[in-house]
Amino acid sequence: MIFLETFTRVSFKSLLVEFKSKIKEYCKEAYPPEYQTNYRGANDGSDLLLSALNRESTKQLDEIKFFLIRCEELVIKESRGDSIGRCMDVLDELIPWESKPKVNDIYNRLHNMRLFLSFLALNKVIRLNHMFGSHPKALIVAERIATTKLRLFMPVIANDLWLGATNNRFNKLGEHIGSASIITHYSAYTKGVGTDTINQSFKRLADVIISNGITDLSELNTEILLDYHTDLLEYYNGTPPGYNLRFAIDFLVECGLIVDAKFHDEFKRTPKDNIKKAVSSSVKTHPAKNKLARTFIGEYVQNAEEIVVSRRDKNTIVDYGYWSDSGGSDFNFFADNLDQSNIWIAAQQDYIRASSVEAGTKKQKNTRLSIFNKYLFSYLPSYFKSGLSGKFTYPETPSEFIHSLYVQRSNVFELQNSDKFVNNFQYPVSIQQFVYDMTGAASKANTEGNNSGRDALVVINAFFDYLTELDSGIVGKFRNPLSGKAKEKVGKRYTKNRKYVFSLTYWLGLRSYAMAVTHRILDDVLNALKNGENCQQSIYVPEAINIDGGDQKAMVIGRVSLESITRVKLTKDDSVIYTNGVKDTSIYINNHIPWAMITLFLHSGLRRSNALWLDERDCFSYVVEGAEYQEIVVSTDKTKTKPYKVLVPNEVVTLLKKVVEIKQFAAKSNKKLTEAVPYNNSEDSKWGDICPIFQIKDYHADNSVPHCFSAIINEYESFLIRNNVSFEPTTIYAPQLHYALDEFVYLREHGDIDTKPCEISVKYLLDPELVKFIPLEKKTLVTPHSLRTMTDSVFAPIVGAKVVGKLLTGQTESTVGYYTKLLPDSASRDFINQVAYLVAASREDAALVTVSESQINQESFESDLNNSPQSTISKYNAQSVNFTSPEGDEKPLNGLAELGAAYHSNIAYFRTHICPIGGKCPKKVVTEIGEKHCYVCPLAVVTNNHLPAIAATIRALCDDIKSINIKLDHFKDTMYEIEVEELERQKTQYVVEASYWLARKDIADQSNNGKNSYYVSDEGLELMHEIKPIDASDQAKLFLRLKETEGVPTLQTQTLSNQAARLRRKVQVLSKDGWDEADELTDIEYLAQLFNLKTEIRGISNEDKMKMLLLTEG
């Protein structure tokens, strides 16, 4: 609280007299009649407050101030949800009662004190702390104030904003809003906006207005917003949560109540004084009876009074001496929350709009650009104020953002600008270092050293590239200062995804369990809606399931508890409403959505966001009555441009239709459920409006539909334990506080867990000592994404990555390969061996001709050549090519002529050709084309046997060309000129060699009269090579390539080696002679090779593959 100069004893007494004359009148209207007679202890608290204020008015000014400060502290505690139960003695001291009131009226005196303090601020004698809050935390009290004359003790606009902080409150109490323009513009302005966005922005601005007693909105200015930010910093120990006042301010501009929002833009540009985080974490106290406390200590703990919880900021402070702030991205520096008239921000908005359509992509780019904005609008202003910047000035425009100053220092730049490097000049932290420091400070233990910093720089670099293309005089001759620098630092990159996978038996059992339980829950919910009766929080499932498909007796599922998943409140259907009286309007149903979604994930491998936005209008378009497997339409996907189909069992379609039936029945009395929702609540989305199958609440978004996997899987594992089924649990006990489960698991494995922040202290009645403990929760490692990984890992080795992507998950073949992992056990080995054996028995082996196998048998060739040179040339389809025209009457060199006349001992055999002169280049050849340039030599003879080697050589050269292109594209700016020239020379040479070899191969192919090429084996037999890599999958192409180059290390290029690294063990299987040698492999590796070798390369139809797949269902 700040006391203004106008606050004196005289002004205090004068305002007290005015307050006294009104408070009794207003309370008479606000409270029921029994409060006037104090019937049965009813007390509105006004007399108690006035008595205390009269007492204080007789004291000295400093004593009055001290009294008001203590009262404000209590109001802040109530407003912020802190426990004031332990401060009851302080309240009794400040405002004592004469006779004990009803329990519900104990705090009325405090709420009236709030009104008095608001009244003082309204009359400009004090400025309240911004944590004071516009209305009490207690909703009933807040609504009483907002809808009666009690609201006249505060600014009208503050009350109006509070009434509009939620759509429900506006619809219920909007008639009490004083401003007609707010009522007029509210619905259109807030349509499609998230509840949290409206609530936080409106309430925060109401807090600002009431704390400053603002009656004329023209009083709002930058200084007031800075004071608000400072109070937030102090209250939250230097690390306040993100907030956005801009939405509410823009609304008032829309209503014509504020001229413009320039003062907010100035506020965002102004550097904030950063308060460093205290060494010890702050704590928060909660009454032991409130809902949050009970989640920590349980429902049945006796005599607990309150709990004390540590608050830990996981983001480390980044400190450069003259500037410091929390690491990570910052919502306050999103482009939407900054000065829209600034060229940097205007350009960012254009860039995001041009490169992003979906809300998720926009958020990602805003998040990464916020780090650059913090550098630009927070760090750099502090740097230039520090006196270390010499005569350089702040980069107001992009053209002033100099590479040599903000990215990498340059001696040339220093020489050219020596007059500016004065006064103890110190370079600013480079933008790259700043980004890495900020992202590194926000990383968890298990994500330390990842590529988040580089990823942020990539977006910033792309923004700079966009700036260079803008047709704007303000941008000027801007050049991307990060060119070549965005990707130079590389963190950890995993060759396989790290999502959790588990036992195949466990997975199969979970599929059956979830399906049976979900159907029962859906039936129960629908019956409850029709009968108007609340759902019980447990359900009996009489179905029996068999976990592993063996001889074990099927087990009845039995009772399943649903208490851990919060029920959904809906309005009753017209046919059953008011059955038990006029207040009987609502019904509580079990939340069936998490159960339905996990069942879908287990049977399809869909991404969570795809399932969340399945459209009831399109989903069942291709369903065929009576089919065992059905195609459903997936309406959205972040990597696709149009809907696609996936295959699911018919039972899943039945389940989804039940979900739709429940939604449609509930929608008859809950009209919001009938409205289409913009995808991701973004009006700009390319997917347009969706009627989500899984919507059961008014607001549909990712954060409004928790997946509740821990609750579901805890029930599944309890079922397994009851039936004495041995299994490897997917659940672990972990602290409820501070550690994400993946981080906790990582730290547990590395023995580096700090349990102090996880502790909670409990204060018991009549015991001054706090009791510390760590609340634990049984959480599962299974996530929606790990179920997607399980689908890939189980099915891809059986039917191939391409089939899985096309029919089950919608992923590309390479993505399925990335997500396919080895399962942790060998429980399915028998099943996999059976599938592999059946496939092997139904298909013959395919013959692959490799480079090494196709080499000419020298003895056979020389014998044929000795008997008949001409027939040998025809048999082997021998060709020689002269790529130059002879001059004059000069006889051209001809390899076939030399071959016919050559001595056998003088013939040299190479992989790609035969040299009839022993590999020793004659002088004429050296003069014309150079030495050892066999690819262009007219004496080189090519036969059909050489075609595989030539093809492999061409591909190897192309690999080298590709590698050079990558180096030139990404690292050219960091290399010396001579290095670039050398790479260009090598590239040209490789292109020339590949071109000549390709020409030779084409001539040889044409001479085969368009038929498939015949290769002569060592025995002189002719084998047809029928494999067509163009039609093969990426995996099959790699197998072919590796097989082709087997035994020829010079053809196995670095690119090929990199591709083969992920499949190294699979390649080993291909080179083995017998089945027994493969037993050491895991089940999935074993299946991947033996099945894919028979199906992908040889070719089994998808239909046949699916028939094989159905064996998994037993």
# chains A, B, ... in the order shown; residues from 1 in each chain; ligands from 1
call {"tool": "residues_around", "arguments": {"residues": "stretch 608-610 of chain A", "least_positions_apart": "5", "cutoff": "8 Å", "atoms": "only C-alpha atoms", "output": "JSON, numbers by chain"}}
result
{"A": [601, 634, 635, 636, 637, 702, 784, 785]}
call {"tool": "write_last_selection", "arguments": {"atoms": "C-alpha atoms", "output": "PDB file, in the first residue's frame"}}
result
ATOM      1  CA  PHE A 601      -5.100 -45.490 -29.418  1.00  0.00           C
ATOM      2  CA  VAL A 634      -9.112 -38.901 -39.728  1.00  0.00           C
ATOM      3  CA  SER A 635     -10.102 -35.294 -40.283  1.00  0.00           C
ATOM      4  CA  THR A 636      -6.882 -33.511 -39.318  1.00  0.00           C
ATOM      5  CA  ASP A 637      -3.147 -34.030 -39.098  1.00  0.00           C
ATOM      6  CA  ASP A 702      -6.305 -30.365 -25.750  1.00  0.00           C
ATOM      7  CA  PRO A 784      -0.652 -41.561 -25.928  1.00  0.00           C
ATOM      8  CA  HIS A 785       2.595 -41.264 -27.865  1.00  0.00           C
TER       9      HIS A 785
END
call {"tool": "select_by_dssp", "arguments": {"residues": "stretch 900-945 of chain A", "states": "alpha helix (DSSP H)", "output": "list in words"}}
result
Gly900, Ala901, Lys923, Lys924, Val925, Val926, Thr927, Glu928 and Ile929 of chain A
call {"tool": "closest_residue", "arguments": {"among": "A:Leu50, A:Val942, A:Ala121, A:Leu110", "to": "A:Asn212", "atoms": "only C-alpha atoms"}}
result
A:Ala121
call {"tool": "atom_distance", "arguments": {"atom1": "atom CA of A:Tyr383", "atom2": "atom CA of A:Val422"}}
result
14.9 Å
call {"tool": "residues_around", "arguments": {"residues": "A:Asp698", "least_positions_apart": "5", "cutoff": "9 Å", "atoms": "only C-alpha atoms", "output": "list in words"}}
result
Asn670, Lys671, Lys672 and Leu673 of chain A
call {"tool": "closest_residue", "arguments": {"among": "A:Lys291, A:Lys374, A:Lys284, A:His519", "to": "A:Trp323", "atoms": "only C-alpha atoms"}}
result
A:Lys374
call {"tool": "residues_around", "arguments": {"residues": "A:Arg617", "least_positions_apart": "3", "cutoff": "12 Å", "atoms": "only C-alpha atoms", "output": "short mmCIF file (atom, residue, chain, number, x, y, z; two decimals) with N, CA and C atoms, in the first residue's frame"}}
result
data_model
loop_
_atom_site.label_atom_id
_atom_site.label_comp_id
_atom_site.auth_asym_id
_atom_site.auth_seq_id
_atom_site.Cartn_x
_atom_site.Cartn_y
_atom_site.Cartn_z
N TRP A 613 -9.68 -34.58 -32.55
CA TRP A 613 -10.43 -33.78 -33.52
C TRP A 613 -11.07 -34.65 -34.60
N LEU A 614 -11.35 -35.93 -34.30
CA LEU A 614 -12.15 -36.73 -35.22
C LEU A 614 -13.52 -36.08 -35.40
N PHE A 620 -17.27 -41.79 -40.22
CA PHE A 620 -17.82 -43.09 -40.58
C PHE A 620 -18.23 -43.18 -42.06
N SER A 621 -17.68 -42.30 -42.89
CA SER A 621 -18.11 -42.23 -44.29
C SER A 621 -17.85 -43.53 -45.06
N TYR A 622 -16.82 -44.29 -44.67
CA TYR A 622 -16.45 -45.49 -45.43
C TYR A 622 -16.75 -46.78 -44.68
N ILE A 632 -11.93 -45.65 -40.99
CA ILE A 632 -12.50 -44.41 -40.46
C ILE A 632 -11.67 -43.25 -41.00
N VAL A 633 -12.30 -42.11 -41.11
CA VAL A 633 -11.66 -40.93 -41.68
C VAL A 633 -11.07 -40.08 -40.56
N VAL A 634 -9.79 -39.80 -40.66
CA VAL A 634 -9.11 -38.90 -39.73
C VAL A 634 -9.15 -37.51 -40.35
N SER A 635 -9.80 -36.59 -39.68
CA SER A 635 -10.10 -35.29 -40.28
C SER A 635 -8.91 -34.36 -40.35
N LYS A 657 -19.27 -44.90 -32.26
CA LYS A 657 -20.67 -44.54 -32.50
C LYS A 657 -21.42 -44.37 -31.18
N VAL A 660 -20.59 -40.92 -29.94
CA VAL A 660 -21.38 -39.93 -30.67
C VAL A 660 -22.82 -39.92 -30.18
N THR A 674 -23.71 -28.87 -29.76
CA THR A 674 -24.18 -28.97 -31.15
C THR A 674 -23.38 -28.08 -32.09
N ALA A 676 -20.23 -26.48 -34.12
CA ALA A 676 -18.92 -26.85 -34.66
C ALA A 676 -17.85 -25.97 -34.02
N ASP A 689 -13.96 -25.82 -39.43
CA ASP A 689 -14.72 -26.19 -38.23
C ASP A 689 -14.90 -27.71 -38.14
N ILE A 690 -14.84 -28.22 -36.92
CA ILE A 690 -14.94 -29.65 -36.65
C ILE A 690 -16.09 -29.88 -35.66
N CYS A 691 -16.79 -30.97 -35.82
CA CYS A 691 -17.74 -31.45 -34.80
C CYS A 691 -17.07 -32.62 -34.09
N PRO A 692 -16.32 -32.37 -33.03
CA PRO A 692 -15.48 -33.41 -32.44
C PRO A 692 -16.29 -34.53 -31.81
N ILE A 693 -15.92 -35.74 -32.14
CA ILE A 693 -16.56 -36.91 -31.54
C ILE A 693 -16.38 -36.92 -30.03
#
call {"tool": "closest_residue", "arguments": {"among": "A:Val941, A:Ile23, A:Ile297, A:Leu570", "to": "A:Asp584", "atoms": "only C-alpha atoms"}}
result
A:Leu570
call {"tool": "residues_around", "arguments": {"residues": "A:Gly688", "least_positions_apart": "2", "cutoff": "10 Å", "atoms": "only C-alpha atoms", "output": "list in words"}}
result
Thr636, Ala676, Val677, Pro678, Tyr679, Asn680, Asn681, Ser682, Glu683, Asp684, Ser685, Lys686 and Ile690 of chain A
call {"tool": "write_last_selection", "arguments": {"atoms": "C-alpha atoms", "output": "compact mmCIF listing (two decimals), in the first residue's frame"}}
result
# COMPACT_ATOMS: atom_id res chain seq x y z
CA THR A 636 -6.88 -33.51 -39.32
CA ALA A 676 -18.92 -26.85 -34.66
CA VAL A 677 -15.55 -25.84 -33.20
CA PRO A 678 -12.66 -24.31 -35.20
CA TYR A 679 -9.76 -26.76 -35.27
CA ASN A 680 -7.52 -26.03 -32.28
CA ASN A 681 -9.87 -23.09 -31.66
CA SER A 682 -8.10 -21.19 -34.43
CA GLU A 683 -10.34 -19.45 -36.95
CA ASP A 684 -7.46 -19.42 -39.47
CA SER A 685 -6.96 -23.18 -39.47
CA LYS A 686 -6.89 -24.88 -42.85
CA ILE A 690 -14.94 -29.65 -36.65
call {"tool": "atom_distance", "arguments": {"atom1": "atom CA of A:Ser378", "atom2": "atom CA of A:Glu254"}}
result
29.2 Å
call {"tool": "atom_distance", "arguments": {"atom1": "atom CA of A:Ile966", "atom2": "atom CA of A:Arg454"}}
result
18.1 Å
call {"tool": "decode", "arguments": {"residues": "stretch 624-740 of chain A", "atoms": "C-alpha atoms", "output": "JSON list (two decimals), in the first residue's frame"}}
result
[["chain", "number", "residue", "atom", "x", "y", "z"],
["A", 624, "VAL", "CA", -19.33, -51.03, -44.44],
["A", 625, "GLU", "CA", -21.94, -52.97, -42.56],
["A", 626, "GLY", "CA", -20.70, -56.38, -41.41],
["A", 627, "ALA", "CA", -17.01, -55.87, -42.21],
["A", 628, "GLU", "CA", -14.57, -57.16, -39.62],
["A", 629, "TYR", "CA", -12.21, -54.21, -40.16],
["A", 630, "GLN", "CA", -13.44, -50.73, -41.03],
["A", 631, "GLU", "CA", -11.91, -47.58, -42.46],
["A", 632, "ILE", "CA", -12.50, -44.41, -40.46],
["A", 633, "VAL", "CA", -11.66, -40.93, -41.68],
["A", 634, "VAL", "CA", -9.11, -38.90, -39.73],
["A", 635, "SER", "CA", -10.10, -35.29, -40.28],
["A", 636, "THR", "CA", -6.88, -33.51, -39.32],
["A", 637, "ASP", "CA", -3.15, -34.03, -39.10],
["A", 638, "LYS", "CA", -0.33, -31.57, -38.57],
["A", 639, "THR", "CA", 1.79, -33.14, -41.35],
["A", 640, "LYS", "CA", -0.92, -33.58, -43.98],
["A", 641, "THR", "CA", -3.03, -31.33, -46.16],
["A", 642, "LYS", "CA", -6.18, -33.42, -46.40],
["A", 643, "PRO", "CA", -8.06, -36.06, -44.37],
["A", 644, "TYR", "CA", -6.97, -39.68, -44.62],
["A", 645, "LYS", "CA", -8.25, -43.13, -43.67],
["A", 646, "VAL", "CA", -7.02, -45.68, -41.12],
["A", 647, "LEU", "CA", -8.10, -49.25, -40.46],
["A", 648, "VAL", "CA", -9.62, -50.23, -37.11],
["A", 649, "PRO", "CA", -11.59, -53.27, -35.89],
["A", 650, "ASN", "CA", -15.34, -52.99, -36.29],
["A", 651, "GLU", "CA", -15.66, -53.09, -32.50],
["A", 652, "VAL", "CA", -13.83, -49.76, -32.30],
["A", 653, "VAL", "CA", -16.28, -48.23, -34.78],
["A", 654, "THR", "CA", -19.14, -49.47, -32.60],
["A", 655, "LEU", "CA", -17.48, -47.84, -29.61],
["A", 656, "LEU", "CA", -17.04, -44.51, -31.42],
["A", 657, "LYS", "CA", -20.67, -44.54, -32.50],
["A", 658, "LYS", "CA", -21.70, -44.96, -28.85],
["A", 659, "VAL", "CA", -19.58, -41.91, -27.96],
["A", 660, "VAL", "CA", -21.38, -39.93, -30.67],
["A", 661, "GLU", "CA", -24.76, -41.17, -29.42],
["A", 662, "ILE", "CA", -23.96, -39.94, -25.91],
["A", 663, "LYS", "CA", -22.86, -36.56, -27.24],
["A", 664, "GLN", "CA", -25.98, -36.15, -29.36],
["A", 665, "PHE", "CA", -28.29, -37.10, -26.51],
["A", 666, "ALA", "CA", -26.53, -34.72, -24.11],
["A", 667, "ALA", "CA", -26.61, -31.96, -26.75],
["A", 668, "LYS", "CA", -30.40, -31.78, -26.59],
["A", 669, "SER", "CA", -30.10, -29.94, -23.28],
["A", 670, "ASN", "CA", -26.48, -28.74, -23.60],
["A", 671, "LYS", "CA", -26.64, -26.68, -26.77],
["A", 672, "LYS", "CA", -22.92, -25.89, -26.90],
["A", 673, "LEU", "CA", -22.30, -29.51, -27.89],
["A", 674, "THR", "CA", -24.18, -28.97, -31.15],
["A", 675, "GLU", "CA", -21.88, -26.20, -32.37],
["A", 676, "ALA", "CA", -18.92, -26.85, -34.66],
["A", 677, "VAL", "CA", -15.55, -25.84, -33.20],
["A", 678, "PRO", "CA", -12.66, -24.31, -35.20],
["A", 679, "TYR", "CA", -9.76, -26.76, -35.27],
["A", 680, "ASN", "CA", -7.52, -26.03, -32.28],
["A", 681, "ASN", "CA", -9.87, -23.09, -31.66],
["A", 682, "SER", "CA", -8.10, -21.19, -34.43],
["A", 683, "GLU", "CA", -10.34, -19.45, -36.95],
["A", 684, "ASP", "CA", -7.46, -19.42, -39.47],
["A", 685, "SER", "CA", -6.96, -23.18, -39.47],
["A", 686, "LYS", "CA", -6.89, -24.88, -42.85],
["A", 687, "TRP", "CA", -9.06, -27.64, -41.36],
["A", 688, "GLY", "CA", -11.98, -25.30, -40.73],
["A", 689, "ASP", "CA", -14.72, -26.19, -38.23],
["A", 690, "ILE", "CA", -14.94, -29.65, -36.65],
["A", 691, "CYS", "CA", -17.74, -31.45, -34.80],
["A", 692, "PRO", "CA", -15.48, -33.41, -32.44],
["A", 693, "ILE", "CA", -16.56, -36.91, -31.54],
["A", 694, "PHE", "CA", -14.84, -36.65, -28.16],
["A", 695, "GLN", "CA", -16.39, -33.35, -27.07],
["A", 696, "ILE", "CA", -18.48, -33.58, -23.91],
["A", 697, "LYS", "CA", -17.84, -30.13, -22.40],
["A", 698, "ASP", "CA", -18.72, -26.66, -23.66],
["A", 699, "TYR", "CA", -15.06, -25.88, -24.39],
["A", 700, "HIS", "CA", -13.10, -28.40, -26.44],
["A", 701, "ALA", "CA", -9.32, -28.24, -26.58],
["A", 702, "ASP", "CA", -6.30, -30.36, -25.75],
["A", 703, "ASN", "CA", -6.04, -29.09, -22.17],
["A", 704, "SER", "CA", -9.77, -29.66, -21.52],
["A", 705, "VAL", "CA", -9.55, -33.38, -22.32],
["A", 706, "PRO", "CA", -7.04, -35.05, -19.95],
["A", 707, "HIS", "CA", -6.06, -38.57, -20.97],
["A", 708, "CYS", "CA", -6.03, -39.92, -17.36],
["A", 709, "PHE", "CA", -3.79, -42.86, -18.30],
["A", 710, "SER", "CA", -2.49, -43.33, -14.76],
["A", 711, "ALA", "CA", -6.01, -43.85, -13.41],
["A", 712, "ILE", "CA", -6.90, -46.30, -16.18],
["A", 713, "ILE", "CA", -3.72, -48.33, -16.06],
["A", 714, "ASN", "CA", -3.73, -48.47, -12.26],
["A", 715, "GLU", "CA", -7.12, -50.20, -12.57],
["A", 716, "TYR", "CA", -5.74, -52.58, -15.22],
["A", 717, "GLU", "CA", -2.76, -53.55, -13.09],
["A", 718, "SER", "CA", -5.02, -54.03, -10.06],
["A", 719, "PHE", "CA", -7.04, -56.46, -12.17],
["A", 720, "LEU", "CA", -3.88, -58.38, -13.11],
["A", 721, "ILE", "CA", -2.76, -58.53, -9.49],
["A", 722, "ARG", "CA", -6.17, -59.79, -8.31],
["A", 723, "ASN", "CA", -5.90, -62.64, -10.79],
["A", 724, "ASN", "CA", -2.28, -63.53, -9.91],
["A", 725, "VAL", "CA", -1.01, -62.65, -13.38],
["A", 726, "SER", "CA", 2.71, -62.00, -13.41],
["A", 727, "PHE", "CA", 3.69, -58.89, -15.37],
["A", 728, "GLU", "CA", 6.23, -56.09, -15.53],
["A", 729, "PRO", "CA", 4.40, -52.96, -14.23],
["A", 730, "THR", "CA", 4.32, -49.79, -16.31],
["A", 731, "THR", "CA", 3.56, -47.76, -13.18],
["A", 732, "ILE", "CA", 5.93, -46.39, -10.56],
["A", 733, "TYR", "CA", 5.55, -44.37, -7.39],
["A", 734, "ALA", "CA", 6.81, -40.84, -7.97],
["A", 735, "PRO", "CA", 6.60, -37.52, -6.08],
["A", 736, "GLN", "CA", 3.42, -35.58, -6.72],
["A", 737, "LEU", "CA", 5.31, -32.29, -6.81],
["A", 738, "HIS", "CA", 7.84, -30.61, -9.08],
["A", 739, "TYR", "CA", 9.22, -33.51, -11.12],
["A", 740, "ALA", "CA", 7.70, -34.53, -14.43]]
